[in-house]
Amino acid sequence: MAALRRLPRHGVGFNVLAAVHTVNASRPLEVERHLRDLGVRYIRFIPIIERVPDAAQYSTGLDTGRAGPAPRRTRWSVAPAEYGRFLIAVFEEGRQRDRERLTLQIIESAIAARLGAGATVCQFAPECGRCLVVETNGDVYACDRDVQPYHHRSNLLDSPLADILDSPAPVRFGRDKADRLSWTCRTCAVLSLCGGDCPKHRWLADADDPHRPRSVRCEAYRRFFNHSWATIEESVLALICGTAPNAEGAGHDNPVL
(Lines give C-alpha, C1' and ligand atoms only; values in the text may rest on other atoms or scores of the structure.)
Protein backbone atom coordinates (compact mmCIF):
# COMPACT_ATOMS: atom_id res chain seq x y z
CA MET A 1 0.00 0.00 0.00
CA ALA A 2 2.89 2.36 0.71
CA ALA A 3 4.32 1.67 -2.74
CA LEU A 4 0.93 2.18 -4.40
CA ARG A 5 0.50 5.57 -2.71
CA ARG A 6 4.00 6.60 -3.73
CA LEU A 7 3.48 6.03 -7.47
CA PRO A 8 1.03 8.90 -8.16
CA ARG A 9 3.24 11.35 -6.29
CA HIS A 10 5.95 10.67 -8.86
CA GLY A 11 3.68 10.70 -11.87
CA VAL A 12 3.89 6.94 -12.44
CA GLY A 13 0.79 5.51 -14.10
CA PHE A 14 -0.49 2.06 -13.20
CA ASN A 15 -3.48 -0.24 -13.63
CA VAL A 16 -5.16 -2.51 -11.10
CA LEU A 17 -6.46 -6.03 -11.59
CA ALA A 18 -9.06 -6.50 -8.87
CA ALA A 19 -10.50 -9.93 -8.07
CA VAL A 20 -14.24 -10.25 -7.41
CA HIS A 21 -15.16 -13.16 -5.14
CA THR A 22 -17.66 -14.14 -2.48
CA VAL A 23 -16.16 -11.77 0.10
CA ASN A 24 -16.40 -8.52 -1.87
CA ALA A 25 -19.00 -9.24 -4.58
CA SER A 26 -21.82 -7.67 -2.57
CA ARG A 27 -19.82 -4.45 -2.01
CA PRO A 28 -19.07 -3.09 -5.51
CA LEU A 29 -19.22 0.62 -4.68
CA GLU A 30 -17.11 0.19 -1.58
CA VAL A 31 -14.45 -1.61 -3.61
CA GLU A 32 -14.55 0.92 -6.47
CA ARG A 33 -14.43 3.97 -4.20
CA HIS A 34 -11.60 2.49 -2.16
CA LEU A 35 -9.53 2.01 -5.31
CA ARG A 36 -10.37 5.50 -6.59
CA ASP A 37 -9.39 7.04 -3.23
CA LEU A 38 -6.01 5.36 -3.61
CA GLY A 39 -5.51 7.11 -6.94
CA VAL A 40 -6.33 4.15 -9.17
CA ARG A 41 -7.60 5.30 -12.58
CA TYR A 42 -7.69 2.11 -14.66
CA ILE A 43 -9.41 -0.97 -13.31
CA ARG A 44 -10.01 -4.48 -14.58
CA PHE A 45 -12.32 -6.56 -12.43
CA ILE A 46 -11.60 -10.29 -12.68
CA PRO A 47 -14.29 -12.72 -11.51
CA ILE A 48 -13.10 -15.63 -9.43
CA ILE A 49 -15.35 -18.39 -10.77
CA GLU A 50 -13.60 -21.74 -10.51
CA ARG A 51 -14.78 -25.32 -10.68
CA VAL A 52 -14.01 -27.97 -8.12
CA PRO A 53 -11.28 -30.09 -9.78
CA ASP A 54 -12.29 -33.52 -10.98
CA ALA A 55 -10.76 -36.16 -13.19
CA ALA A 56 -13.28 -35.61 -15.98
CA GLN A 57 -12.16 -32.01 -16.29
CA TYR A 58 -8.83 -33.14 -17.69
CA SER A 59 -9.95 -36.10 -19.80
CA THR A 60 -13.40 -35.37 -21.26
CA GLY A 61 -14.29 -31.76 -20.55
CA LEU A 62 -12.23 -28.75 -21.51
CA ASP A 63 -10.16 -30.45 -24.19
CA THR A 64 -13.07 -31.86 -26.20
CA GLY A 65 -15.86 -29.38 -25.57
CA ARG A 66 -18.30 -32.06 -24.40
CA ALA A 67 -20.57 -31.11 -21.54
CA GLY A 68 -20.96 -33.57 -18.71
CA PRO A 69 -22.68 -33.18 -15.34
CA ALA A 70 -22.71 -29.58 -14.12
CA PRO A 71 -19.46 -29.03 -12.18
CA ARG A 72 -19.55 -27.51 -8.73
CA ARG A 73 -18.11 -24.04 -8.14
CA THR A 74 -15.56 -23.53 -5.39
CA ARG A 75 -16.90 -21.91 -2.25
CA TRP A 76 -15.00 -18.67 -2.94
CA SER A 77 -16.42 -18.33 -6.47
CA VAL A 78 -18.74 -15.42 -7.14
CA ALA A 79 -22.13 -16.32 -8.60
CA PRO A 80 -22.36 -15.17 -12.25
CA ALA A 81 -25.52 -13.11 -11.63
CA GLU A 82 -23.85 -11.40 -8.69
CA TYR A 83 -20.78 -10.59 -10.79
CA GLY A 84 -23.05 -9.06 -13.42
CA ARG A 85 -24.68 -6.88 -10.78
CA PHE A 86 -21.22 -5.91 -9.48
CA LEU A 87 -20.11 -4.71 -12.93
CA ILE A 88 -23.34 -2.79 -13.51
CA ALA A 89 -23.07 -1.04 -10.14
CA VAL A 90 -19.47 0.03 -10.81
CA PHE A 91 -20.37 1.10 -14.35
CA GLU A 92 -23.26 3.28 -13.14
CA GLU A 93 -21.14 4.80 -10.38
CA GLY A 94 -18.48 5.83 -12.89
CA ARG A 95 -20.99 7.03 -15.47
CA GLN A 96 -22.83 9.26 -13.02
CA ARG A 97 -19.64 10.59 -11.47
CA ASP A 98 -17.87 11.50 -14.70
CA ARG A 99 -19.40 10.25 -17.93
CA GLU A 100 -16.36 11.20 -20.00
CA ARG A 101 -13.77 9.37 -17.88
CA LEU A 102 -15.16 5.92 -17.18
CA THR A 103 -12.10 3.70 -17.14
CA LEU A 104 -13.22 0.08 -17.01
CA GLN A 105 -11.26 -2.27 -19.23
CA ILE A 106 -14.36 -4.29 -20.12
CA ILE A 107 -15.92 -1.13 -21.62
CA GLU A 108 -12.77 -0.23 -23.54
CA SER A 109 -12.61 -3.75 -24.95
CA ALA A 110 -16.25 -3.56 -26.05
CA ILE A 111 -15.69 -0.22 -27.77
CA ALA A 112 -12.62 -1.55 -29.57
CA ALA A 113 -14.60 -4.58 -30.74
CA ARG A 114 -17.43 -2.40 -32.05
CA LEU A 115 -14.93 -0.23 -33.90
CA GLY A 116 -13.54 -3.31 -35.63
CA ALA A 117 -10.18 -3.09 -33.88
CA GLY A 118 -10.69 -6.36 -32.00
CA ALA A 119 -11.23 -6.99 -28.32
CA THR A 120 -8.42 -5.85 -26.03
CA VAL A 121 -8.83 -8.92 -23.79
CA CYS A 122 -8.21 -12.41 -25.18
CA GLN A 123 -11.29 -13.90 -23.53
CA PHE A 124 -13.54 -11.59 -25.57
CA ALA A 125 -11.81 -12.18 -28.91
CA PRO A 126 -13.57 -14.36 -31.53
CA GLU A 127 -10.54 -16.67 -31.65
CA CYS A 128 -7.77 -17.39 -29.18
CA GLY A 129 -4.38 -19.06 -29.23
CA ARG A 130 -2.05 -16.05 -29.45
CA CYS A 131 -1.36 -15.82 -25.71
CA LEU A 132 1.19 -18.56 -25.24
CA VAL A 133 2.94 -19.56 -22.04
CA VAL A 134 6.62 -20.47 -21.88
CA GLU A 135 7.66 -22.35 -18.76
CA THR A 136 11.12 -22.13 -17.24
CA ASN A 137 12.18 -25.38 -18.91
CA GLY A 138 11.15 -24.08 -22.36
CA ASP A 139 7.82 -25.91 -22.58
CA VAL A 140 5.23 -23.94 -24.57
CA TYR A 141 1.49 -24.13 -23.86
CA ALA A 142 -1.30 -22.80 -26.05
CA CYS A 143 -3.10 -20.80 -23.37
CA ASP A 144 -1.92 -18.77 -20.39
CA ARG A 145 -5.25 -19.33 -18.62
CA ASP A 146 -5.24 -23.10 -18.89
CA VAL A 147 -1.77 -24.63 -18.61
CA GLN A 148 -2.67 -28.31 -18.86
CA PRO A 149 -0.97 -31.29 -20.56
CA TYR A 150 -3.47 -31.34 -23.43
CA HIS A 151 -2.44 -27.74 -24.30
CA HIS A 152 1.30 -28.51 -24.45
CA ARG A 153 2.63 -27.59 -27.89
CA SER A 154 6.43 -27.97 -27.95
CA ASN A 155 9.64 -26.79 -26.33
CA LEU A 156 11.78 -23.82 -27.34
CA LEU A 157 14.82 -26.11 -27.38
CA ASP A 158 13.14 -28.07 -30.17
CA SER A 159 11.31 -25.42 -32.20
CA PRO A 160 11.47 -21.62 -32.70
CA LEU A 161 8.63 -19.73 -31.06
CA ALA A 162 7.29 -18.41 -34.38
CA ASP A 163 7.03 -21.96 -35.75
CA ILE A 164 5.19 -23.11 -32.64
CA LEU A 165 2.77 -20.19 -32.77
CA ASP A 166 1.77 -20.77 -36.40
CA SER A 167 1.85 -24.56 -36.40
CA PRO A 168 -1.43 -26.40 -37.15
CA ALA A 169 -2.22 -27.30 -33.53
CA PRO A 170 -2.25 -23.73 -32.11
CA VAL A 171 -4.10 -22.43 -35.15
CA ARG A 172 -6.75 -25.13 -34.76
CA PHE A 173 -6.91 -24.46 -31.02
CA GLY A 174 -7.63 -20.80 -31.69
CA ARG A 175 -10.36 -21.51 -34.24
CA ASP A 176 -12.01 -24.06 -31.99
CA LYS A 177 -13.23 -21.22 -29.80
CA ALA A 178 -15.58 -20.04 -32.54
CA ASP A 179 -16.28 -23.45 -34.05
CA ARG A 180 -17.47 -24.84 -30.70
CA LEU A 181 -19.83 -22.02 -29.80
CA SER A 182 -23.14 -23.24 -28.46
CA TRP A 183 -26.37 -22.36 -30.24
CA THR A 184 -27.24 -20.00 -27.39
CA CYS A 185 -24.00 -18.11 -27.98
CA ARG A 186 -24.39 -18.03 -31.76
CA THR A 187 -27.81 -16.41 -31.45
CA CYS A 188 -26.92 -14.05 -28.59
CA ALA A 189 -27.06 -10.29 -29.19
CA VAL A 190 -23.87 -9.60 -27.20
CA LEU A 191 -21.66 -12.23 -28.86
CA SER A 192 -19.74 -9.53 -30.72
CA LEU A 193 -18.66 -8.10 -27.35
CA CYS A 194 -17.99 -11.22 -25.25
CA GLY A 195 -16.74 -13.57 -27.98
CA GLY A 196 -18.24 -16.52 -26.16
CA ASP A 197 -15.79 -15.96 -23.27
CA CYS A 198 -12.71 -18.07 -22.52
CA PRO A 199 -13.11 -21.77 -23.47
CA LYS A 200 -11.66 -22.67 -20.07
CA HIS A 201 -14.91 -21.51 -18.50
CA ARG A 202 -17.25 -23.26 -20.91
CA TRP A 203 -18.53 -25.90 -18.53
CA LEU A 204 -22.18 -24.88 -18.31
CA ALA A 205 -24.41 -27.35 -20.13
CA ASP A 206 -26.59 -25.72 -22.78
CA ALA A 207 -30.12 -27.14 -22.99
CA ASP A 208 -30.34 -26.29 -26.69
CA ASP A 209 -26.91 -27.68 -27.56
CA PRO A 210 -25.81 -30.35 -25.02
CA HIS A 211 -22.58 -31.17 -26.85
CA ARG A 212 -21.32 -27.58 -26.80
CA PRO A 213 -21.26 -26.06 -23.31
CA ARG A 214 -21.27 -22.31 -22.81
CA SER A 215 -19.37 -20.17 -20.35
CA VAL A 216 -20.35 -20.27 -16.72
CA ARG A 217 -19.88 -16.47 -16.78
CA CYS A 218 -22.43 -16.07 -19.59
CA GLU A 219 -25.17 -14.62 -17.40
CA ALA A 220 -22.83 -11.98 -15.98
CA TYR A 221 -21.66 -10.73 -19.37
CA ARG A 222 -25.13 -10.84 -20.90
CA ARG A 223 -26.50 -8.74 -18.04
CA PHE A 224 -23.68 -6.23 -18.20
CA PHE A 225 -23.42 -5.76 -21.97
CA ASN A 226 -27.18 -5.47 -22.38
CA HIS A 227 -27.19 -2.82 -19.66
CA SER A 228 -24.26 -0.84 -21.07
CA TRP A 229 -24.96 -1.34 -24.79
CA ALA A 230 -26.41 2.15 -25.40
CA THR A 231 -23.43 3.85 -23.77
CA ILE A 232 -21.00 1.72 -25.75
CA GLU A 233 -22.75 2.60 -29.02
CA GLU A 234 -22.80 6.30 -28.14
CA SER A 235 -19.06 6.18 -27.50
CA VAL A 236 -18.39 4.38 -30.77
CA LEU A 237 -20.40 6.98 -32.69
CA ALA A 238 -18.61 9.82 -30.93
CA LEU A 239 -15.23 8.32 -31.79
CA ILE A 240 -16.18 7.86 -35.43
CA CYS A 241 -17.36 11.46 -35.58
CA GLY A 242 -14.28 12.67 -33.70
CA THR A 243 -16.26 14.25 -30.90
CA ALA A 244 -15.24 11.98 -28.01
CA PRO A 245 -12.49 12.88 -25.54
CA ASN A 246 -9.25 11.13 -26.48
CA ALA A 247 -10.75 10.35 -29.87
CA GLU A 248 -7.30 9.79 -31.30
CA GLY A 249 -7.10 6.36 -29.71
CA ALA A 250 -8.45 3.99 -27.13
CA GLY A 251 -6.50 1.77 -24.80
CA HIS A 252 -5.56 1.24 -21.20
CA ASP A 253 -3.79 4.59 -21.08
CA ASN A 254 -6.39 6.44 -23.17
CA PRO A 255 -9.86 5.66 -21.83
CA VAL A 256 -12.58 6.92 -24.12
CA LEU A 257 -15.42 7.22 -21.65
# chains A, B, ... in the order shown; residues from 1 in each chain; ligands from 1

$ select_by_dssp --residues "segment 63-201 of chain A" --states "strand (DSSP E)" --output "list in words"
Val133, Val134, Asp139, Val140, Tyr141, His152, Arg153, Ser154 and Asn155 of chain A

$ residues_around --residues "Ile88 of chain A" --least-positions-apart "5" --cutoff "9 Å" --atoms "only C-alpha atoms" --output "list in words"
Tyr83, Glu93, Arg223, Phe224, Phe225, His227 and Ser228 of chain A

$ closest_residue --among "A:Cys218, A:Val12, A:Cys241, A:Ala89" --to "Ser26 of chain A" --atoms "only C-alpha atoms"
A:Ala89

$ residues_around --residues "Val40 of chain A" --least-positions-apart "4" --cutoff "9 Å" --atoms "only C-alpha atoms" --output "list in words"
Leu4, Pro8, Gly13, Phe14, Asn15, Val16, His34, Leu35 and Arg36 of chain A

$ residues_around --residues "Leu161 of chain A" --least-positions-apart "6" --cutoff "10 Å" --atoms "only C-alpha atoms" --output "PyMOL selection string"
chain A and resi 132+134+140+154-155+167

$ write_last_selection --atoms "N, CA, C and O atoms" --output "PDB file, in the first residue's frame"
ATOM      1  N   LEU A 132       0.474 -17.353 -25.647  1.00  0.00           N
ATOM      2  CA  LEU A 132       1.192 -18.560 -25.238  1.00  0.00           C
ATOM      3  C   LEU A 132       1.834 -18.404 -23.873  1.00  0.00           C
ATOM      4  O   LEU A 132       2.013 -17.298 -23.373  1.00  0.00           O
ATOM      5  N   VAL A 134       5.333 -19.779 -21.820  1.00  0.00           N
ATOM      6  CA  VAL A 134       6.621 -20.471 -21.884  1.00  0.00           C
ATOM      7  C   VAL A 134       7.081 -20.729 -20.454  1.00  0.00           C
ATOM      8  O   VAL A 134       7.295 -19.793 -19.685  1.00  0.00           O
ATOM      9  N   VAL A 140       6.171 -24.950 -24.077  1.00  0.00           N
ATOM     10  CA  VAL A 140       5.230 -23.940 -24.565  1.00  0.00           C
ATOM     11  C   VAL A 140       3.817 -24.512 -24.517  1.00  0.00           C
ATOM     12  O   VAL A 140       3.575 -25.627 -24.997  1.00  0.00           O
ATOM     13  N   SER A 154       5.059 -27.591 -27.593  1.00  0.00           N
ATOM     14  CA  SER A 154       6.427 -27.967 -27.947  1.00  0.00           C
ATOM     15  C   SER A 154       7.359 -27.401 -26.892  1.00  0.00           C
ATOM     16  O   SER A 154       6.910 -27.010 -25.810  1.00  0.00           O
ATOM     17  N   ASN A 155       8.630 -27.353 -27.223  1.00  0.00           N
ATOM     18  CA  ASN A 155       9.639 -26.793 -26.334  1.00  0.00           C
ATOM     19  C   ASN A 155      10.551 -25.895 -27.160  1.00  0.00           C
ATOM     20  O   ASN A 155      10.884 -26.221 -28.309  1.00  0.00           O
ATOM     21  N   SER A 167       1.996 -23.160 -36.026  1.00  0.00           N
ATOM     22  CA  SER A 167       1.849 -24.561 -36.405  1.00  0.00           C
ATOM     23  C   SER A 167       0.374 -24.950 -36.389  1.00  0.00           C
ATOM     24  O   SER A 167      -0.455 -24.246 -35.794  1.00  0.00           O
TER      25      SER A 167
END

$ closest_residue --among "A:His211, A:Arg114, A:Arg41, A:Arg153" --to "Leu191 of chain A" --atoms "only C-alpha atoms"
A:Arg114

$ closest_residue --among "A:Ala113, A:Val171, A:Val216, A:Ile46" --to "Glu233 of chain A" --atoms "only C-alpha atoms"
A:Ala113
